[in-house]
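> Data file coords.tsv (TSV, C-alpha atoms) is appended below.
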```tsv
chain	number	residue	atom	x	y	z
A	1	MET	CA	154.84	35.53	25.56
A	2	ASN	CA	155.81	37.95	28.33
A	3	PRO	CA	159.59	38.33	28.04
A	4	ARG	CA	161.58	39.03	31.19
A	5	ILE	CA	164.69	41.19	30.91
A	6	LEU	CA	167.29	41.30	33.66
A	7	MET	CA	168.96	44.74	33.49
A	8	ILE	CA	172.19	45.36	35.39
A	9	GLY	CA	173.71	48.81	35.89
A	10	GLY	CA	176.43	49.79	38.31
A	11	ASP	CA	176.85	53.58	38.18
A	12	ASN	CA	174.94	56.81	37.67
A	13	THR	CA	175.44	56.85	33.91
A	14	SER	CA	174.21	53.29	33.45
A	15	ASP	CA	171.20	54.19	35.61
A	16	ARG	CA	170.42	57.06	33.26
A	17	PHE	CA	170.94	55.05	30.08
A	18	GLY	CA	169.11	52.07	31.55
A	19	ALA	CA	166.12	54.27	32.35
A	20	ALA	CA	165.96	55.47	28.74
A	21	LEU	CA	166.07	51.88	27.49
A	22	ALA	CA	163.46	50.70	29.99
A	23	SER	CA	161.01	53.45	29.00
A	24	LYS	CA	161.34	52.54	25.34
A	25	ILE	CA	161.05	48.81	26.09
A	26	HIS	CA	157.76	49.36	27.90
A	27	GLU	CA	156.56	51.53	25.02
A	28	LEU	CA	157.37	49.00	22.28
A	29	CYS	CA	156.71	45.81	24.24
A	30	PRO	CA	154.21	46.64	27.02
A	31	GLN	CA	154.01	43.11	28.36
A	32	ALA	CA	157.77	42.89	28.97
A	33	THR	CA	158.97	42.70	32.57
A	34	VAL	CA	162.21	44.53	33.35
A	35	TYR	CA	163.96	44.03	36.68
A	36	GLY	CA	167.49	44.17	38.02
A	37	VAL	CA	170.11	46.40	39.66
A	38	GLY	CA	170.32	50.15	39.22
A	39	GLY	CA	169.30	53.49	40.65
A	40	PRO	CA	166.29	55.81	41.04
A	41	LEU	CA	166.02	56.68	37.34
A	42	MET	CA	165.66	53.03	36.37
A	43	ASN	CA	163.12	52.62	39.16
A	44	ASP	CA	161.10	55.58	37.87
A	45	ALA	CA	161.22	54.06	34.37
A	46	GLY	CA	159.50	50.91	35.57
A	47	VAL	CA	162.46	48.69	36.39
A	48	ARG	CA	161.76	46.50	39.44
A	49	LEU	CA	164.93	46.94	41.42
A	50	LEU	CA	166.43	44.04	43.28
A	51	SER	CA	168.81	46.59	44.77
A	52	ASP	CA	169.21	50.37	44.53
A	53	ILE	CA	172.96	50.95	44.57
A	54	SER	CA	172.86	54.71	43.97
A	55	GLU	CA	173.99	55.64	47.48
A	56	ILE	CA	177.18	53.56	47.51
A	57	VAL	CA	177.92	54.65	43.94
A	58	SER	CA	177.63	58.33	44.88
A	59	LEU	CA	179.94	57.85	47.84
A	60	GLY	CA	182.50	56.24	45.53
A	61	VAL	CA	182.97	53.11	47.59
A	62	LEU	CA	181.69	50.50	45.16
A	63	GLN	CA	185.10	49.60	43.75
A	64	SER	CA	186.62	49.15	47.19
A	65	MET	CA	183.65	46.95	48.10
A	66	ARG	CA	184.12	44.68	45.07
A	67	GLY	CA	185.06	41.64	47.16
A	68	SER	CA	182.98	42.53	50.22
A	69	THR	CA	180.20	40.51	51.76
A	70	VAL	CA	177.67	43.16	50.64
A	71	ILE	CA	178.56	42.71	46.97
A	72	LYS	CA	178.68	38.93	47.25
A	73	ARG	CA	175.21	38.94	48.76
A	74	LEU	CA	173.93	41.21	46.01
A	75	ILE	CA	175.32	38.91	43.33
A	76	ALA	CA	173.75	35.92	45.10
A	77	ARG	CA	170.39	37.69	45.19
A	78	VAL	CA	170.53	38.52	41.48
A	79	VAL	CA	171.45	34.93	40.60
A	80	GLU	CA	168.69	33.55	42.82
A	81	THR	CA	166.13	35.78	41.08
A	82	MET	CA	167.58	34.79	37.73
A	83	ASP	CA	166.95	31.13	38.53
A	84	GLN	CA	163.45	31.82	39.83
A	85	GLU	CA	162.23	34.09	37.03
A	86	GLU	CA	164.29	32.75	34.10
A	87	PRO	CA	164.85	35.96	32.09
A	88	ALA	CA	164.89	35.78	28.31
A	89	LEU	CA	167.86	38.17	28.27
A	90	VAL	CA	170.47	39.65	30.58
A	91	LEU	CA	171.22	43.27	29.64
A	92	GLN	CA	174.48	44.57	31.13
A	93	ILE	CA	174.94	48.35	30.99
A	94	GLY	CA	178.21	50.14	31.70
A	95	LEU	CA	181.31	48.98	33.51
A	96	PRO	CA	180.99	45.50	35.05
A	97	VAL	CA	181.41	46.72	38.61
A	98	PHE	CA	180.29	43.32	39.85
A	99	GLY	CA	182.84	41.62	37.64
A	100	LEU	CA	181.64	39.20	34.98
A	101	LYS	CA	180.30	36.69	37.49
A	102	ILE	CA	176.61	37.31	36.82
A	103	LEU	CA	177.18	37.17	33.07
A	104	GLU	CA	179.14	33.93	33.40
A	105	ILE	CA	176.31	32.33	35.36
A	106	ALA	CA	173.74	33.58	32.83
A	107	ARG	CA	175.61	31.90	29.99
A	108	THR	CA	175.85	28.61	31.90
A	109	ARG	CA	172.05	28.81	32.25
A	110	GLY	CA	171.74	29.30	28.49
A	111	ILE	CA	170.57	32.91	28.86
A	112	PRO	CA	171.86	35.30	26.15
A	113	VAL	CA	173.79	38.37	27.32
A	114	LEU	CA	173.59	41.72	25.55
A	115	TYR	CA	176.19	44.30	26.58
A	116	TYR	CA	175.36	48.00	26.14
A	117	TYR	CA	177.93	50.72	26.87
A	118	THR	CA	180.83	48.28	27.23
A	119	PRO	CA	184.32	49.10	28.57
A	120	PHE	CA	185.31	49.38	24.89
A	121	SER	CA	183.12	52.50	24.61
A	122	ARG	CA	185.58	54.13	27.01
A	123	GLY	CA	188.61	52.84	25.16
A	124	LEU	CA	189.38	50.19	27.77
A	125	THR	CA	191.08	47.38	25.86
A	126	HIS	CA	193.19	45.78	28.58
A	127	ALA	CA	190.38	43.50	29.77
A	128	ASP	CA	190.60	39.72	29.54
A	129	LEU	CA	189.20	39.53	26.02
A	130	ARG	CA	188.90	35.76	25.96
A	131	LYS	CA	186.82	35.79	29.13
A	132	PHE	CA	184.80	38.79	27.97
A	133	CYS	CA	183.99	37.21	24.61
A	134	GLY	CA	183.08	33.98	26.38
A	135	VAL	CA	180.28	35.53	28.43
A	136	VAL	CA	178.86	38.15	26.04
A	137	THR	CA	176.49	37.06	23.27
A	138	LYS	CA	176.27	40.41	21.52
A	139	VAL	CA	177.28	44.06	21.92
A	140	ALA	CA	175.07	47.05	21.08
A	141	ALA	CA	177.83	49.57	20.28
A	142	ILE	CA	177.27	53.24	21.08
A	143	SER	CA	180.29	54.61	19.19
A	144	ARG	CA	182.20	53.73	16.03
A	145	THR	CA	185.31	53.29	18.15
A	146	GLU	CA	183.55	50.75	20.35
A	147	GLU	CA	182.18	48.95	17.29
A	148	ALA	CA	185.64	48.64	15.76
A	149	LEU	CA	187.26	47.44	18.99
A	150	CYS	CA	184.55	44.83	19.55
A	151	ARG	CA	184.73	43.61	15.96
A	152	ASP	CA	188.50	43.29	16.19
A	153	ALA	CA	188.00	41.23	19.37
A	154	GLY	CA	185.74	38.84	17.50
A	155	LEU	CA	182.51	39.90	19.22
A	156	ASP	CA	179.10	39.95	17.56
A	157	VAL	CA	178.42	43.69	17.49
A	158	GLU	CA	175.76	46.01	16.09
A	159	PHE	CA	176.23	49.77	16.00
A	160	VAL	CA	173.18	51.57	17.47
A	161	GLY	CA	174.63	54.97	18.36
A	162	HIS	CA	175.15	56.91	21.56
A	163	PRO	CA	172.11	57.54	23.81
A	164	LEU	CA	173.24	61.13	24.38
A	165	MET	CA	172.31	61.83	20.76
A	166	ASP	CA	168.73	61.43	22.03
A	167	LEU	CA	169.07	62.52	25.65
A	168	ALA	CA	171.23	65.66	25.31
A	169	ASP	CA	169.03	68.74	25.03
A	170	ARG	CA	170.52	70.95	22.32
A	171	SER	CA	167.34	72.91	21.65
A	172	VAL	CA	168.17	75.94	23.84
A	173	THR	CA	170.26	78.69	22.25
A	174	PRO	CA	172.96	80.50	24.26
A	175	SER	CA	170.88	83.69	24.38
A	176	GLN	CA	167.79	81.78	25.54
A	177	ALA	CA	169.82	79.99	28.21
A	178	ARG	CA	171.31	83.23	29.53
A	179	GLU	CA	167.91	84.87	29.62
A	180	LYS	CA	166.50	81.91	31.55
A	181	LEU	CA	169.38	82.06	34.04
A	182	GLY	CA	169.20	85.84	34.32
A	183	ILE	CA	172.68	86.40	32.88
A	184	ALA	CA	173.64	89.35	30.69
A	185	ALA	CA	174.22	88.56	27.02
A	186	GLU	CA	177.70	90.07	27.15
A	187	GLY	CA	180.53	88.82	29.36
A	188	ARG	CA	182.06	85.37	29.72
A	189	VAL	CA	180.47	82.45	31.55
A	190	ALA	CA	182.31	79.41	32.92
A	191	ALA	CA	180.31	76.27	33.68
A	192	VAL	CA	181.48	73.75	36.27
A	193	LEU	CA	180.21	70.15	36.18
A	194	PRO	CA	182.25	68.54	38.96
A	195	GLY	CA	180.85	64.99	38.73
A	196	ALA	CA	177.90	62.80	39.66
A	197	ARG	CA	179.55	61.18	42.68
A	198	GLU	CA	180.03	63.04	45.94
A	199	VAL	CA	183.53	61.64	46.33
A	200	GLU	CA	184.49	63.39	43.07
A	201	VAL	CA	182.86	66.68	44.03
A	202	LYS	CA	184.58	66.77	47.42
A	203	ASN	CA	187.99	66.21	45.87
A	204	VAL	CA	187.62	68.33	42.74
A	205	LEU	CA	185.41	71.34	43.36
A	206	PRO	CA	187.60	73.18	45.93
A	207	ALA	CA	190.59	73.20	43.55
A	208	VAL	CA	188.41	74.24	40.60
A	209	LEU	CA	186.88	77.12	42.53
A	210	LYS	CA	190.32	78.24	43.65
A	211	ALA	CA	191.40	78.33	40.00
A	212	LEU	CA	188.35	80.26	38.86
A	213	CYS	CA	188.55	82.70	41.78
A	214	GLN	CA	192.11	83.44	40.69
A	215	LEU	CA	190.81	84.04	37.18
A	216	THR	CA	188.15	86.52	38.33
A	217	LYS	CA	190.88	88.80	39.71
A	218	ASP	CA	191.94	89.59	36.15
A	219	HIS	CA	188.43	89.14	34.70
A	220	PRO	CA	185.96	90.43	37.30
A	221	GLU	CA	183.07	90.17	34.83
A	222	LEU	CA	183.44	86.38	34.61
A	223	GLN	CA	180.34	84.51	35.80
A	224	ILE	CA	180.80	81.03	37.29
A	225	ILE	CA	177.89	78.58	37.35
A	226	ILE	CA	178.11	75.21	39.05
A	227	SER	CA	175.75	72.61	37.66
A	228	ALA	CA	175.31	69.93	40.31
A	229	ALA	CA	174.00	66.52	39.32
A	230	ALA	CA	170.81	65.26	40.94
A	231	THR	CA	172.90	62.78	42.92
A	232	ILE	CA	174.80	65.57	44.69
A	233	ARG	CA	173.39	67.12	47.86
A	234	THR	CA	172.94	70.89	47.77
A	235	THR	CA	174.32	71.15	51.30
A	236	LEU	CA	177.61	69.59	50.17
A	237	VAL	CA	178.11	72.15	47.39
A	238	GLU	CA	177.06	75.05	49.60
A	239	LYS	CA	179.59	74.04	52.25
A	240	ILE	CA	182.37	73.99	49.65
A	241	LEU	CA	181.25	77.39	48.35
A	242	GLN	CA	181.37	78.89	51.84
A	243	ASN	CA	184.98	77.84	52.22
A	244	ALA	CA	185.93	79.07	48.75
A	245	HIS	CA	185.12	82.75	49.40
A	246	CYS	CA	184.62	83.29	45.69
A	247	SER	CA	182.25	85.88	44.23
A	248	ASN	CA	180.28	85.60	40.98
A	249	VAL	CA	179.46	81.95	41.70
A	250	ARG	CA	176.02	80.38	41.66
A	251	LEU	CA	174.56	76.88	41.81
A	252	GLU	CA	172.05	75.55	39.28
A	253	ARG	CA	170.60	72.12	38.47
A	254	ASP	CA	169.69	72.44	34.78
A	255	THR	CA	172.86	71.06	33.20
A	256	TYR	CA	171.94	71.68	29.58
A	257	CYS	CA	170.79	75.23	30.25
A	258	VAL	CA	174.04	75.97	32.07
A	259	LEU	CA	176.16	74.46	29.29
A	260	SER	CA	174.19	76.32	26.61
A	261	ALA	CA	174.90	79.60	28.42
A	262	ALA	CA	178.61	78.88	28.91
A	263	ASP	CA	181.60	79.99	26.87
A	264	ALA	CA	183.76	77.21	28.35
A	265	ALA	CA	183.39	74.48	30.94
A	266	ILE	CA	185.27	72.45	33.52
A	267	THR	CA	183.81	68.96	33.70
A	268	SER	CA	184.42	65.53	35.13
A	269	ILE	CA	186.05	62.96	32.86
A	270	GLY	CA	182.81	61.06	32.27
A	271	THR	CA	179.53	61.77	30.53
A	272	ALA	CA	179.60	65.48	31.41
A	273	SER	CA	182.67	65.93	29.21
A	274	LEU	CA	180.86	64.42	26.26
A	275	GLU	CA	177.75	66.50	26.92
A	276	ALA	CA	179.78	69.72	26.84
A	277	SER	CA	181.44	68.63	23.60
A	278	LEU	CA	178.11	67.79	21.95
A	279	LEU	CA	176.77	71.23	22.86
A	280	GLY	CA	179.81	72.88	21.28
A	281	VAL	CA	181.30	74.12	24.54
A	282	PRO	CA	185.13	74.06	24.79
A	283	SER	CA	186.15	72.36	28.01
A	284	LEU	CA	188.83	70.84	30.17
A	285	ALA	CA	188.41	67.83	32.45
A	286	VAL	CA	189.40	67.43	36.10
A	287	TYR	CA	189.36	64.19	38.09
A	288	ARG	CA	190.61	63.47	41.59
A	289	VAL	CA	189.43	60.84	44.07
A	290	PRO	CA	190.98	59.15	47.13
A	291	HIS	CA	193.95	56.98	46.23
A	292	THR	CA	192.17	53.74	47.14
A	293	THR	CA	189.48	54.39	44.56
A	294	TYR	CA	191.93	55.68	41.97
A	295	PHE	CA	194.18	52.64	42.22
A	296	ALA	CA	191.14	50.39	41.80
A	297	GLU	CA	190.20	52.27	38.64
A	298	LYS	CA	193.75	52.15	37.26
A	299	VAL	CA	193.24	48.42	36.89
A	300	LEU	CA	190.77	49.30	34.14
A	301	ASP	CA	193.68	50.70	32.11
A	302	ARG	CA	192.27	54.09	31.24
A	303	LYS	CA	195.50	55.26	29.62
A	304	PRO	CA	196.47	57.10	27.50
A	305	TYR	CA	193.34	59.22	27.98
A	306	MET	CA	190.94	59.46	30.88
A	307	THR	CA	188.22	61.67	29.38
A	308	ILE	CA	185.50	59.88	27.42
A	309	THR	CA	185.57	62.48	24.65
A	310	ASN	CA	189.29	61.91	24.09
A	311	LYS	CA	188.80	58.14	24.14
A	312	ILE	CA	186.10	58.29	21.48
A	313	LEU	CA	188.16	60.59	19.26
A	314	ARG	CA	191.35	58.65	20.09
A	315	LYS	CA	193.38	61.83	20.50
A	316	ASP	CA	194.14	64.47	23.09
A	317	VAL	CA	191.52	67.18	22.48
A	318	ILE	CA	190.23	67.94	25.98
A	319	PRO	CA	193.00	69.02	28.42
A	320	GLU	CA	193.06	66.66	31.40
A	321	PHE	CA	194.05	67.35	35.00
A	322	ILE	CA	194.12	64.02	36.81
A	323	GLN	CA	194.87	63.18	40.45
A	324	GLY	CA	198.25	64.73	41.39
A	325	HIS	CA	198.10	66.99	38.32
A	326	VAL	CA	195.08	68.87	39.68
A	327	ASN	CA	196.84	72.21	40.04
A	328	HIS	CA	194.70	75.32	40.42
A	329	ALA	CA	197.21	77.65	38.72
A	330	LYS	CA	197.46	75.40	35.64
A	331	ILE	CA	193.69	74.95	35.54
A	332	ALA	CA	193.24	78.72	35.68
A	333	ALA	CA	195.67	79.23	32.79
A	334	ALA	CA	194.00	76.57	30.66
A	335	MET	CA	190.55	77.96	31.39
A	336	GLU	CA	191.63	81.52	30.57
A	337	GLU	CA	192.84	80.23	27.19
A	338	LEU	CA	189.46	78.65	26.43
A	339	LEU	CA	187.48	81.66	27.61
A	340	TYR	CA	189.45	84.49	26.03
A	341	ASN	CA	191.54	83.08	23.17
A	342	ASP	CA	189.24	82.78	20.15
A	343	ALA	CA	191.81	80.81	18.14
A	344	ALA	CA	192.15	78.21	20.91
A	345	ARG	CA	188.38	77.93	21.23
A	346	GLN	CA	187.88	77.48	17.51
A	347	GLY	CA	190.68	74.95	17.30
A	348	MET	CA	189.04	72.76	19.94
A	349	LEU	CA	185.62	73.02	18.32
A	350	GLU	CA	187.08	71.90	14.98
A	351	ALA	CA	188.75	68.95	16.70
A	352	LEU	CA	185.39	67.98	18.23
A	353	ALA	CA	183.53	68.03	14.91
A	354	PRO	CA	184.02	64.27	14.17
A	355	LEU	CA	181.96	63.38	17.26
A	356	GLU	CA	178.71	63.50	15.28
A	357	ARG	CA	179.84	60.72	12.96
A	358	GLU	CA	181.40	58.72	15.80
A	359	LEU	CA	178.21	58.70	17.86
A	360	GLY	CA	175.60	58.24	15.13
A	361	ALA	CA	172.28	59.92	14.38
A	362	PRO	CA	169.39	60.49	16.81
A	363	GLY	CA	167.16	57.48	17.40
A	364	SER	CA	169.90	55.50	19.11
A	365	VAL	CA	167.77	54.45	22.09
A	366	GLU	CA	165.08	52.96	19.87
A	367	ARG	CA	167.70	51.17	17.77
A	368	ALA	CA	169.24	49.70	20.92
A	369	VAL	CA	165.85	48.60	22.21
A	370	GLY	CA	165.20	46.96	18.85
A	371	VAL	CA	168.21	44.72	19.51
A	372	VAL	CA	167.05	44.08	23.09
A	373	LEU	CA	163.56	43.04	22.07
A	374	GLU	CA	164.74	40.88	19.20
A	375	MET	CA	167.07	38.96	21.51
A	376	ALA	CA	164.36	38.73	24.19
A	377	GLY	CA	161.81	37.38	21.72
A	378	CYS	CA	159.60	40.47	21.49
A	379	ASP	CA	160.52	42.10	18.20
A	380	GLY	CA	157.20	43.59	17.10
A	381	SER	CA	156.13	47.16	17.77
A	382	ASP	CA	152.73	45.81	18.80
A	383	GLY	CA	154.38	43.75	21.53
A	384	THR	CA	154.06	40.38	19.84
A	385	ALA	CA	156.74	37.78	20.17
```
What would the structure in this file look like if it were written as structure tokens?

Amino acid sequence: MNPRILMIGGDNTSDRFGAALASKIHELCPQATVYGVGGPLMNDAGVRLLSDISEIVSLGVLQSMRGSTVIKRLIARVVETMDQEEPALVLQIGLPVFGLKILEIARTRGIPVLYYYTPFSRGLTHADLRKFCGVVTKVAAISRTEEALCRDAGLDVEFVGHPLMDLADRSVTPSQAREKLGIAAEGRVAAVLPGAREVEVKNVLPAVLKALCQLTKDHPELQIIISAAATIRTTLVEKILQNAHCSNVRLERDTYCVLSAADAAITSIGTASLEASLLGVPSLAVYRVPHTTYFAEKVLDRKPYMTITNKILRKDVIPEFIQGHVNHAKIAAAMEELLYNDAARQGMLEALAPLERELGAPGSVERAVGVVLEMAGCDGSDGTA
């Protein structure tokens, strides 16, 4: 038996997590065929893409295109391929940016649906639960919070743990990271992870740099390192830096090295926030996008917290500056507290300690793939059905 798995991702994070799953699937079940919707990481991991949506995701226009002809055609193409190739399993990863239409059709065809990294993992509980439960066969939960929410909703759920417990590189010490980056061991370092979508970077980074430039007036030794995601063009960041007129700023691409070297960080509200927390770096989160995109995302009911770390912990640990509350003076004050107030830093780190239990032990990707292969009919490590 050569199981076919239809994998659907709709953003940069699901592309990253999907790539990790695909690599492990091919390792444990070499004869499996994985195809679907995603980005370049999934493609590199051996997923045959029906569509690479990375460009429209980076530009932040996917939500506004939800009802457009482009999206309708993409859904039609996925469904047509589904009917032609008859997958053993549909694996949905991340927010259902295409709605639940594909999952609904899969269930009418008798194809099981496994959901990985559901809206519940981000604390989103305002969805139509009856409809959600009607199209999802099982959930592979990546956090204890998600597991509890899914169980309360009556979903078949298995806790596998968060993929970042495998993917986050925590092997580099702060001193090693600073040596690699050519930074002195003494002095404070602020990391900036402005987001994986260009629409976020354009709307966030200028205000963040203005805040940090203000901070360097009182703390001229402060080093500022921007870690740009692979999806962000260098020319875009350089243009913003030219207009900022801020000294002591540099651009790097090695996110984990930058975080390991940092005393505090300013991140987006998504995966970057969680990565900083897992590496023991106190942080605050900033998020601002055009109002059309923001209003579309408000439908997802992200309140009372926007940052993933806060959602998982179910309390306000990471200070958030969202949309109209992105104020450079307030960001500067909050960042100064994290950089130079040891009591504030320690208090945040203590509040972040429960993350380890919430997210599970390493080996999460293999545990998730175990569920995938079992549902797809390939549950042996030798690839037998």
> Between CA of Ala185 in chain A and CA of Asp263 in chain A, measure the distance and give it in Å to one decimal.
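Computed distance, CA of Ala185 in chain A to CA of Asp263 in chain A, equals 11.3 Å.
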> Return the single residue from A:Ala353, A:Leu164, A:Leu103, A:Val90 that is closest to Val365 in chain A, with distances computed using all atoms listed in the file.
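Nearest to Val365 in chain A: A:Leu164.
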> Figure out the distance between CA of Glu238 in chain A and CA of Glu198 in chain A, please, to one decimal in Å.
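The value is 12.9 Å.
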> Grab the CA of Thr267 in chain A to CA of Gln92 in chain A distance for me, in Å with one decimal place.
26.2 Å
> With all atoms listed in the file as the basis for distance, which of A:Val258, A:Leu222, A:Leu251, A:Ala207 is at the shortest distance from Thr235 in chain A?
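So, comparing all the options, the nearest one is A:Leu251.
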> I'd like to know which of A:Ala272, A:Tyr305, A:Ala329, A:Ser51 is closest to Arg73 in chain A, using all atoms listed in the file.
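Looking only at the distances to Arg73 in chain A, the closest residue turns out to be A:Ser51.
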> Got a sec to check which residues sit within 8 Å of (164.0, 33.6, 29.1), counting only C-alpha atoms, and write them as a compact mmCIF listing (two decimals) with C-alpha atoms, in the frame of the given file?

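Contents of out.txt, freshly written:
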```txt
# COMPACT_ATOMS: atom_id res chain seq x y z
CA PRO A 3 159.59 38.33 28.04
CA ARG A 4 161.58 39.03 31.19
CA ILE A 5 164.69 41.19 30.91
CA GLU A 86 164.29 32.75 34.10
CA PRO A 87 164.85 35.96 32.09
CA ALA A 88 164.89 35.78 28.31
CA LEU A 89 167.86 38.17 28.27
CA ILE A 111 170.57 32.91 28.86
CA ALA A 376 164.36 38.73 24.19
```
> Have a look at A:Leu338, A:Ala228, A:Leu313, A:Leu352 and name the one nearest to Leu284 in chain A; count only C-alpha atoms.
A:Leu338
> Please identify all polymer residues within 7 Å of Val136 in chain A, counting all atoms listed in the file, omitting same-chain residues fewer than 5 positions from it, and present them as a list in words.
Val113, Leu114 and Tyr115 of chain A
> Would you mind listing what lies within 9 Å of range 339-342 of chain A as a ChimeraX atom specification, with all atoms listed in the file counted and same-chain residues fewer than 6 positions away left out?
/A:188-190,263-265,282
> Please build the interface table for range 298-378 of chain A against range 14-20 of chain A with a cut-off of 12 Å, listing for each qualifying residue the nearest atom pair and the distance in Å to one decimal; count all atoms listed in the file, order rows by chain and increasing number, and write it as CSV.

```
residue,atom,partner,partner_atom,distance
A:Gly363,CA,A:Ala20,CA,11.6
A:Ser364,CA,A:Ala20,CA,10.4
A:Val365,CA,A:Ala20,CA,7.0
A:Glu366,CA,A:Ala20,CA,9.3
A:Arg367,CA,A:Ala20,CA,11.9
A:Ala368,CA,A:Ala20,CA,10.3
A:Val369,CA,A:Ala20,CA,9.5
A:Val372,CA,A:Gly18,CA,11.8
```
